[in-house]
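Chemist: Below is the file query-v1.txt, with compact mmCIF, C-alpha atoms.
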# COMPACT_ATOMS: atom_id res chain seq x y z
CA MET A 1 -22.62 -8.10 11.35
CA ALA A 2 -24.91 -8.41 14.28
CA VAL A 3 -26.72 -5.37 15.53
CA LEU A 4 -24.28 -3.88 17.89
CA SER A 5 -24.79 -3.11 21.50
CA ALA A 6 -26.19 -4.51 24.59
CA LEU A 7 -29.52 -3.76 26.08
CA ALA A 8 -29.52 -0.82 28.42
CA VAL A 9 -30.78 -0.51 31.91
CA LEU A 10 -33.59 1.55 33.12
CA VAL A 11 -34.79 0.68 36.55
CA GLY A 12 -38.42 0.15 37.40
CA GLY A 13 -39.74 1.83 34.27
CA ALA A 14 -43.43 1.85 33.52
CA SER A 15 -44.75 -0.46 30.84
CA ALA A 16 -44.23 0.70 27.29
CA CYS A 17 -47.97 0.39 26.72
CA THR A 18 -50.21 2.17 29.18
CA THR A 19 -53.85 3.00 28.75
CA ASP A 20 -54.50 6.18 30.69
CA GLY A 21 -56.24 8.77 28.65
CA GLY A 22 -55.35 11.62 26.36
CA GLY A 23 -52.40 12.76 24.32
CA GLY A 24 -50.61 11.76 21.18
CA GLY A 25 -52.53 9.64 18.73
CA GLY A 26 -54.34 7.63 21.40
CA GLY A 27 -54.86 7.05 25.10
CA ASP A 28 -51.29 5.79 25.51
CA GLY A 29 -49.78 9.00 24.17
CA ASN A 30 -48.17 7.25 21.19
CA PRO A 31 -48.28 8.84 17.73
CA ARG A 32 -50.68 7.27 15.25
CA ASP A 33 -47.92 7.05 12.65
CA PHE A 34 -44.58 8.45 11.54
CA ALA A 35 -46.17 11.46 9.86
CA GLU A 36 -47.80 12.53 13.13
CA LEU A 37 -44.58 12.10 15.11
CA ARG A 38 -42.76 14.46 12.77
CA HIS A 39 -45.11 17.25 13.85
CA TRP A 40 -44.87 16.70 17.59
CA GLY A 41 -44.00 19.65 19.77
CA ALA A 42 -43.08 20.04 23.43
CA ALA A 43 -46.60 19.21 24.68
CA GLU A 44 -46.77 15.91 22.80
CA TRP A 45 -43.32 14.82 23.95
CA ASP A 46 -44.19 15.68 27.54
CA ARG A 47 -47.48 13.77 27.32
CA TRP A 48 -45.73 10.71 25.93
CA ALA A 49 -42.98 10.81 28.55
CA GLN A 50 -45.50 11.12 31.39
CA ARG A 51 -47.30 7.98 30.17
CA HIS A 52 -44.15 5.96 29.62
CA GLY A 53 -42.23 6.90 32.72
CA PHE A 54 -38.76 5.68 33.58
CA ARG A 55 -37.41 5.13 37.11
CA ASN A 56 -33.86 4.06 37.90
CA PRO A 57 -33.06 4.21 41.63
CA VAL A 58 -29.38 3.88 42.49
CA VAL A 59 -28.40 0.44 43.81
CA PRO A 60 -25.02 0.94 45.55
CA GLY A 61 -22.45 -1.70 44.71
CA LEU A 62 -24.55 -3.36 42.01
CA TRP A 63 -22.04 -2.90 39.19
CA SER A 64 -18.71 -4.36 40.29
CA ALA A 65 -15.77 -4.50 37.89
CA GLU A 66 -16.34 -8.25 37.49
CA LYS A 67 -20.06 -7.88 36.78
CA MET A 68 -19.42 -5.23 34.13
CA ASP A 69 -16.77 -7.43 32.53
CA GLN A 70 -19.18 -10.37 32.33
CA ALA A 71 -22.16 -8.45 30.90
CA PRO A 72 -22.87 -9.80 27.40
CA PRO A 73 -23.79 -7.67 24.40
CA GLN A 74 -27.40 -8.17 23.37
CA GLN A 75 -28.66 -7.17 19.96
CA PRO A 76 -31.27 -7.73 17.27
CA ALA A 77 -30.48 -9.78 14.19
CA PRO A 78 -28.16 -8.20 11.60
CA ALA A 79 -29.38 -6.43 8.53
CA PRO A 80 -29.31 -8.49 5.31
CA GLU A 81 -26.44 -8.02 2.89
CA THR A 82 -27.31 -6.01 -0.21
CA PRO A 83 -25.26 -3.89 -2.64
CA ALA A 84 -24.24 -0.44 -1.49
CA THR A 85 -25.47 2.96 -2.64
CA ASP A 86 -23.36 6.08 -2.46
CA ALA A 87 -20.64 3.90 -1.02
CA PRO A 88 -17.41 5.72 -0.16
CA ALA A 89 -14.00 4.38 -1.01
CA PRO A 90 -12.45 2.54 1.96
CA THR A 91 -10.25 4.73 4.13
CA GLY A 92 -8.43 1.92 5.90
CA PRO A 93 -7.35 -1.68 5.34
CA ALA A 94 -10.15 -4.25 5.36
CA SER A 95 -9.73 -7.39 7.44
CA PRO A 96 -11.36 -10.72 6.56
CA PRO A 97 -14.83 -10.74 8.11
CA PRO A 98 -15.87 -13.42 10.61
CA ALA A 99 -18.37 -16.01 9.45
CA PRO A 100 -21.94 -14.63 9.46
CA PRO A 101 -24.34 -15.84 12.17
CA ALA A 102 -27.02 -18.30 11.19
CA SER A 103 -30.00 -16.01 11.65
CA ALA A 104 -32.81 -14.93 9.40
CA SER A 105 -33.03 -11.26 8.46
CA PRO A 106 -35.80 -9.12 6.99
CA SER A 107 -35.64 -7.63 3.54
CA ALA A 108 -34.94 -3.94 3.03
CA THR A 109 -35.87 -1.48 0.35
CA ALA A 110 -32.45 0.05 -0.28
CA PRO A 111 -28.79 -0.95 -0.41
CA ALA A 112 -26.64 -1.46 2.61
CA ALA A 113 -22.89 -1.75 2.82
CA PRO A 114 -19.93 0.34 1.69
CA PRO A 115 -16.54 -1.43 1.53
CA PRO A 116 -15.37 -2.64 4.95
CA VAL A 117 -12.98 -0.61 7.09
CA ALA A 118 -11.02 -2.40 9.78
CA ALA A 119 -11.62 -1.17 13.32
CA GLN A 120 -8.49 0.23 14.96
CA PRO A 121 -7.72 0.41 18.71
CA VAL A 122 -7.90 3.87 20.26
CA PRO A 123 -4.63 4.75 22.07
CA ARG A 124 -4.74 4.77 25.85
CA PRO A 125 -5.49 6.35 28.25
CA TYR A 126 -9.16 6.69 27.31
CA THR A 127 -9.46 9.56 29.76
CA SER A 128 -8.00 11.56 26.85
CA TYR A 129 -11.31 10.87 25.03
CA PRO A 130 -13.73 10.78 28.00
CA ALA A 131 -16.88 11.55 25.99
CA SER A 132 -16.93 7.88 24.94
CA GLY A 133 -17.89 5.17 27.40
CA LYS A 134 -20.11 2.20 28.09
CA VAL A 135 -23.60 1.73 29.48
CA PHE A 136 -24.58 -1.34 31.49
CA MET A 137 -28.07 -2.60 32.24
CA THR A 138 -30.30 -5.40 33.43
CA ALA A 139 -33.32 -6.65 31.50
CA PRO A 140 -36.80 -6.63 33.11
CA ASN A 141 -36.81 -10.43 33.17
CA GLY A 142 -33.22 -10.79 34.31
CA GLY A 143 -29.82 -10.85 32.69
CA THR A 144 -27.29 -8.08 32.14
CA GLY A 145 -26.09 -6.27 29.04
CA GLN A 146 -23.76 -3.62 27.73
CA CYS A 147 -23.67 -0.92 25.03
CA SER A 148 -21.52 2.01 24.00
CA ALA A 149 -22.45 5.68 24.47
CA THR A 150 -21.30 9.31 24.16
CA VAL A 151 -21.56 12.38 26.40
CA VAL A 152 -23.35 15.09 24.38
CA ALA A 153 -23.78 18.82 24.93
CA ASP A 154 -26.92 20.02 26.71
CA PRO A 155 -28.55 22.94 24.82
CA ALA A 156 -30.15 24.31 28.00
CA HIS A 157 -27.06 23.91 30.21
CA PRO A 158 -23.92 24.77 28.22
CA GLY A 159 -20.78 23.55 29.92
CA ARG A 160 -22.78 21.54 32.47
CA SER A 161 -24.22 18.62 30.54
CA ASN A 162 -25.43 15.43 32.20
CA LEU A 163 -26.67 13.95 28.90
CA VAL A 164 -25.52 10.71 27.26
CA TRP A 165 -26.44 9.56 23.73
CA THR A 166 -26.89 5.88 22.88
CA ALA A 167 -29.19 3.55 20.90
CA ALA A 168 -32.87 3.04 21.69
CA HIS A 169 -32.40 -0.73 21.82
CA CYS A 170 -29.92 -0.09 24.65
CA VAL A 171 -32.63 1.40 26.87
CA HIS A 172 -35.91 -0.27 25.86
CA GLU A 173 -36.95 -3.73 24.69
CA GLY A 174 -39.12 -2.37 21.89
CA LYS A 175 -42.61 -3.47 20.86
CA GLY A 176 -44.50 -5.08 23.74
CA GLY A 177 -41.55 -4.63 26.08
CA ASP A 178 -40.37 -2.37 28.85
CA TRP A 179 -37.47 -0.17 29.86
CA TYR A 180 -34.25 -1.84 30.89
CA ARG A 181 -33.22 -1.40 34.50
CA ASN A 182 -30.18 -0.41 36.56
CA LEU A 183 -28.82 1.72 33.71
CA VAL A 184 -25.41 3.17 34.46
CA PHE A 185 -22.89 5.05 32.30
CA VAL A 186 -19.13 4.61 32.73
CA PRO A 187 -17.06 7.23 30.86
CA ALA A 188 -13.59 6.17 29.65
CA TYR A 189 -14.28 2.55 30.66
CA ASN A 190 -11.06 0.55 31.21
CA SER A 191 -8.97 3.61 30.38
CA SER A 192 -5.69 2.15 31.63
CA GLY A 193 -6.21 -1.35 30.22
CA ALA A 194 -6.23 -2.94 33.66
CA ALA A 195 -9.21 -5.15 32.70
CA SER A 196 -7.97 -6.05 29.20
CA ASP A 197 -8.02 -9.76 28.34
CA HIS A 198 -10.59 -10.04 31.16
CA ARG A 199 -7.97 -9.60 33.86
CA ARG A 200 -9.23 -8.96 37.36
CA ALA A 201 -9.26 -5.22 38.03
CA THR A 202 -10.56 -2.84 40.67
CA LEU A 203 -13.66 -0.71 40.18
CA ALA A 204 -11.51 2.43 40.26
CA GLU A 205 -9.41 1.04 37.41
CA VAL A 206 -12.31 0.26 35.09
CA ALA A 207 -14.39 3.32 36.08
CA PRO A 208 -11.75 6.04 36.57
CA LEU A 209 -14.34 8.83 36.21
CA GLY A 210 -17.05 7.10 38.25
CA GLN A 211 -20.37 5.40 37.56
CA TRP A 212 -23.21 7.73 36.51
CA TRP A 213 -26.71 6.37 37.06
CA ALA A 214 -29.51 7.17 34.63
CA ASP A 215 -32.06 9.59 36.02
CA LYS A 216 -34.28 10.15 32.97
CA VAL A 217 -34.46 8.69 29.46
CA ILE A 218 -36.13 9.73 26.21
CA THR A 219 -36.26 7.75 23.00
CA SER A 220 -38.37 7.60 19.86
CA PRO A 221 -41.94 6.31 20.32
CA LEU A 222 -41.40 4.51 17.01
CA TRP A 223 -38.88 2.26 18.77
CA THR A 224 -41.04 1.51 21.81
CA THR A 225 -44.07 0.69 19.64
CA GLU A 226 -42.35 -1.05 16.70
CA GLY A 227 -38.85 -2.14 17.73
CA THR A 228 -37.91 -5.79 17.30
CA LYS A 229 -34.75 -7.87 17.39
CA GLY A 230 -34.87 -8.31 13.64
CA GLY A 231 -33.36 -5.11 12.24
CA ASP A 232 -36.13 -3.21 10.43
CA ALA A 233 -37.81 0.17 9.96
CA ALA A 234 -37.84 0.86 13.71
CA ASN A 235 -34.03 1.02 13.59
CA GLN A 236 -34.34 4.15 11.46
CA TYR A 237 -35.23 5.80 14.81
CA ASP A 238 -32.91 3.75 17.03
CA PHE A 239 -31.57 6.54 19.26
CA ALA A 240 -31.97 7.55 22.91
CA VAL A 241 -30.83 10.33 25.25
CA VAL A 242 -30.09 9.54 28.90
CA ARG A 243 -29.78 12.08 31.71
CA VAL A 244 -27.44 10.86 34.44
CA ARG A 245 -26.62 11.79 38.02
CA GLY A 246 -23.17 11.82 39.58
CA PRO A 247 -21.67 9.44 42.13
CA GLU A 248 -22.60 10.10 45.76
CA GLY A 249 -21.17 13.41 46.91
CA GLU A 250 -20.40 14.65 43.39
CA THR A 251 -21.91 18.11 42.87
CA ARG A 252 -20.40 18.79 39.46
CA SER A 253 -22.02 17.85 36.17
CA LEU A 254 -20.74 14.98 34.03
CA GLU A 255 -19.31 17.46 31.54
CA GLU A 256 -17.49 19.35 34.29
CA VAL A 257 -15.98 16.13 35.62
CA ILE A 258 -14.78 14.71 32.30
CA GLY A 259 -14.03 18.06 30.67
CA THR A 260 -15.98 17.70 27.44
CA ALA A 261 -19.33 17.05 25.73
CA VAL A 262 -19.97 16.60 21.99
CA PRO A 263 -22.55 18.81 20.21
CA VAL A 264 -25.18 16.95 18.18
CA TRP A 265 -25.45 17.89 14.49
CA PHE A 266 -29.03 17.46 13.28
CA ASP A 267 -29.89 17.40 9.56
CA ALA A 268 -26.20 17.06 8.73
CA PRO A 269 -25.54 17.07 4.95
CA ARG A 270 -24.79 13.43 4.14
CA GLU A 271 -22.58 14.23 1.17
CA GLN A 272 -20.28 16.38 3.30
CA LEU A 273 -19.68 13.92 6.13
CA ALA A 274 -16.47 12.01 6.81
CA ILE A 275 -17.54 9.72 9.64
CA GLN A 276 -15.57 8.21 12.50
CA ALA A 277 -17.45 5.56 14.50
CA TRP A 278 -16.35 4.76 18.06
CA GLY A 279 -17.40 1.96 20.37
CA TYR A 280 -16.57 -1.02 22.55
CA PRO A 281 -17.24 -4.12 20.39
CA ALA A 282 -17.59 -7.24 22.51
CA VAL A 283 -17.97 -10.20 20.12
CA ALA A 284 -14.87 -11.95 18.70
CA PRO A 285 -12.37 -10.91 17.61
CA PHE A 286 -13.08 -8.16 20.19
CA ASP A 287 -13.68 -8.63 23.92
CA GLY A 288 -15.54 -5.47 25.04
CA GLN A 289 -12.59 -4.13 27.01
CA GLU A 290 -11.05 -2.01 24.25
CA LEU A 291 -12.27 1.24 22.70
CA GLU A 292 -12.15 0.94 18.90
CA ARG A 293 -12.76 3.35 16.01
CA CYS A 294 -13.44 3.12 12.28
CA ASP A 295 -12.39 6.03 10.07
CA SER A 296 -15.07 5.27 7.52
CA GLY A 297 -15.34 8.42 5.41
CA ARG A 298 -18.47 9.37 3.47
CA PRO A 299 -21.54 7.24 4.36
CA GLY A 300 -23.87 5.38 2.08
CA SER A 301 -27.59 5.11 2.81
CA ARG A 302 -30.22 2.47 3.42
CA SER A 303 -33.94 2.45 4.14
CA PHE A 304 -36.30 -0.22 5.43
CA ASP A 305 -39.23 2.22 5.08
CA ALA A 306 -38.94 4.77 2.27
CA SER A 307 -41.25 7.20 4.11
CA ARG A 308 -38.62 7.65 6.83
CA PRO A 309 -35.17 9.25 6.55
CA PRO A 310 -32.70 6.62 5.24
CA MET A 311 -30.12 5.34 7.69
CA LEU A 312 -26.45 6.21 7.30
CA VAL A 313 -24.27 3.21 6.40
CA ILE A 314 -20.50 2.92 6.84
CA GLY A 315 -17.91 0.24 6.35
CA CYS A 316 -16.67 -0.98 9.75
CA THR A 317 -15.73 -4.34 11.26
CA MET A 318 -16.89 -3.63 14.83
CA THR A 319 -19.20 -6.24 16.33
CA ALA A 320 -21.95 -6.41 18.96
CA GLY A 321 -21.24 -4.23 21.98
CA ALA A 322 -20.54 -1.17 19.81
CA SER A 323 -24.26 -0.38 19.58
CA GLY A 324 -25.04 3.10 20.78
CA GLY A 325 -21.47 4.23 20.11
CA GLY A 326 -21.09 7.69 18.60
CA TRP A 327 -20.58 8.55 14.94
CA PHE A 328 -18.63 11.79 14.60
CA ALA A 329 -17.90 14.26 11.81
CA ASP A 330 -16.37 17.73 11.68
CA GLY A 331 -19.00 20.48 11.56
CA PRO A 332 -18.83 23.73 9.55
CA ASP A 333 -16.79 25.31 12.35
CA GLY A 334 -14.29 22.44 12.33
CA ARG A 335 -15.48 21.14 15.70
CA GLN A 336 -16.27 17.45 15.99
CA ARG A 337 -19.99 16.72 16.29
CA LEU A 338 -22.15 13.64 16.81
CA VAL A 339 -24.16 12.79 13.67
CA SER A 340 -25.49 9.29 14.48
CA ASN A 341 -24.99 6.20 16.62
CA THR A 342 -24.47 2.53 15.85
CA SER A 343 -27.78 0.71 15.50
CA ILE A 344 -27.29 -2.49 13.49
CA GLY A 345 -24.52 -4.20 11.59
CA SER A 346 -24.33 -6.63 8.68
CA GLN A 347 -24.19 -10.41 8.68
CA ALA A 348 -20.59 -10.44 7.52
CA HIS A 349 -19.47 -7.89 10.15
CA THR A 350 -18.33 -5.44 7.48
CA ALA A 351 -20.80 -2.53 7.85
CA LEU A 352 -22.69 -0.53 10.44
CA HIS A 353 -26.02 1.30 10.14
CA GLY A 354 -27.00 4.37 12.14
CA PRO A 355 -30.16 6.52 12.27
CA TYR A 356 -30.18 9.86 10.47
CA LEU A 357 -30.75 12.49 13.14
CA GLU A 358 -33.37 15.05 12.08
CA GLU A 359 -36.25 16.94 13.70
CA THR A 360 -37.58 14.01 15.76
CA ALA A 361 -34.17 13.49 17.37
CA ARG A 362 -33.83 17.24 17.86
CA GLN A 363 -37.17 17.34 19.71
CA ALA A 364 -36.16 14.43 21.93
CA LEU A 365 -32.92 16.13 22.95
CA ALA A 366 -34.70 19.44 23.53
CA TYR A 367 -37.31 17.74 25.73
CA ILE A 368 -34.85 16.01 28.06
CA SER A 369 -32.66 19.12 28.12
CA ARG A 370 -35.40 21.44 29.35
CA THR A 371 -36.80 18.94 31.86
How would this structure read if it were set down as structure tokens?
Modeler:
Amino acid sequence: MAVLSALAVLVGGASACTTDGGGGGGGDGNPRDFAELRHWGAAEWDRWAQRHGFRNPVVPGLWSAEKMDQAPPQQPAPAPETPATDAPAPTGPASPPPAPPASASPSATAPAAPPPVAAQPVPRPYTSYPASGKVFMTAPNGGTGQCSATVVADPAHPGRSNLVWTAAHCVHEGKGGDWYRNLVFVPAYNSSGAASDHRRATLAEVAPLGQWWADKVITSPLWTTEGTKGGDAANQYDFAVVRVRGPEGETRSLEEVIGTAVPVWFDAPREQLAIQAWGYPAVAPFDGQELERCDSGRPGSRSFDASRPPMLVIGCTMTAGASGGGWFADGPDGRQRLVSNTSIGSQAHTALHGPYLEETARQALAYISRT
């Protein structure tokens, strides 16, 4: 299963590696290692963000319905197949997996895949589930891409969130790279099905709740300094939070417009989770126009670097394009919460891997919330 999701857009961002002085573990503000990052506070996050700035000016008319339809999913290589640990029993029928891509994959230190669970189409209209949507972007050197994403609650602005959760590889190229550009979020993309089967549709039909341009982005410095297209330890921190602005003339927040935002559950107890993964897979047998879900149950775990929190692993047949899509579970109060996002898949398209969200992710959300 290829790593799901397309690269995200962040316009005119500064280089991921600057050299102005002070902060973090060195002059570029980056942490020296994972252990240092775990102890970062507000000052360190602010220092890093100032040195790795993101700019995304609105370009009116850039994302037409046709251009969004044609944006391909871009992703790193899939994780290698290995036996599963703590694998849950399948909660849905498994479909025969597509043939694996001919690509080399790195080795990992721990097992990967629970039994597969077939992705199921989410009933329309998607405006009934408007927290889920798609992000579109252009790469610094050209080309477009797409990912999936989720509107999440803003701790500092309850009821008025403009925050969207996705994967780090949807907003930044990773090691030696830069931010993606022209990043825009479309909640409830293709809600009515007007663009299904790649039919010609109007912008209002595919973006019924508008296009929301990225204004600010935060992700893990471990992704920007280590991330590759190979599926490795950097994916254990493959998450990002995007702050968006409304369409011209819109004074309400994203949450006020769509009517919902999902709280993020950090340090969620793995053994108590029954996960649902949502996204817009775009590689056959999917076409990127349909919102799909996998009711995958209790996750397994996998680690590329044992010093970092193991990733969550679920059985799911979604393909590339679903990257960044939300993983949800019911919290102690019975309310649905976001516990991870799709990062990478498996070669046989039977499993998905997502980062475990702990203190580093909490700090990232807190930083973009208060700024």
Chemist: Please, what distance in Å, to one decimal, runs between atom CA of A:Phe304 and atom CA of A:Asp178?
Modeler: 23.9 Å
Chemist: Between atom CA of A:Val217 and atom CA of A:Thr138, what distance in Å does the model show, to one decimal?
Modeler: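 That distance, rounded to one decimal, is 15.2 Å.
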Chemist: Between A:Pro309, A:Pro73, A:Pro269, A:Pro116, which residue has the minimum interatomic distance to A:Thr360, considering only C-alpha atoms?
Modeler: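 Selected residue with least distance to A:Thr360: A:Pro309.
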Chemist: Could you tell me how far atom CA of A:Leu365 sits from atom CA of A:Ser161, in Å to one decimal place?
Modeler: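 Going from atom CA of A:Ser161 over to atom CA of A:Leu365 covers 11.8 Å.
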Chemist: Go through A:Thr251, A:Gln289, A:Thr371, A:Asn56 and flag the residue nearest A:Leu183, using only C-alpha atoms for the distances.
Modeler: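 Closest residue, counting only C-alpha atoms: A:Asn56.
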Chemist: Would you please work out which residue, of A:Leu291, A:Ala268, A:Leu352, A:Ile314, is nearest to A:Gly331 when using only C-alpha atoms?
Modeler: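 Of A:Leu291, A:Ala268, A:Leu352, A:Ile314, the one nearest A:Gly331 is A:Ala268, counting only C-alpha atoms.
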Chemist: Considering only C-alpha atoms, return as a PyMOL selection string whatever protein or nucleic-acid residues lie within 12 Å of A:Asp69, sequence-local ones (same chain, fewer than 2 positions apart) excluded.
Modeler: chain A and resi 63-67+71-73+134-136+144-146+189-190+194-203+206-207+280+282+287-290+321
Chemist: So that I can see what lies close to A:Glu256, please list as a list of chain:residue names the residues with an atom at most 12 Å from it, counting all atoms listed in the file and leaving out residues fewer than 3 positions away in the same chain.
Modeler: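 The neighbour list is A:Pro130, A:Ala131, A:Val151, A:Ala153, A:His157, A:Pro158, A:Gly159, A:Arg160, A:Ser161, A:Asn162, A:Leu163, A:Leu209, A:Gly246, A:Glu250, A:Thr251, A:Arg252, A:Ser253, A:Gly259, A:Thr260, A:Ala261.
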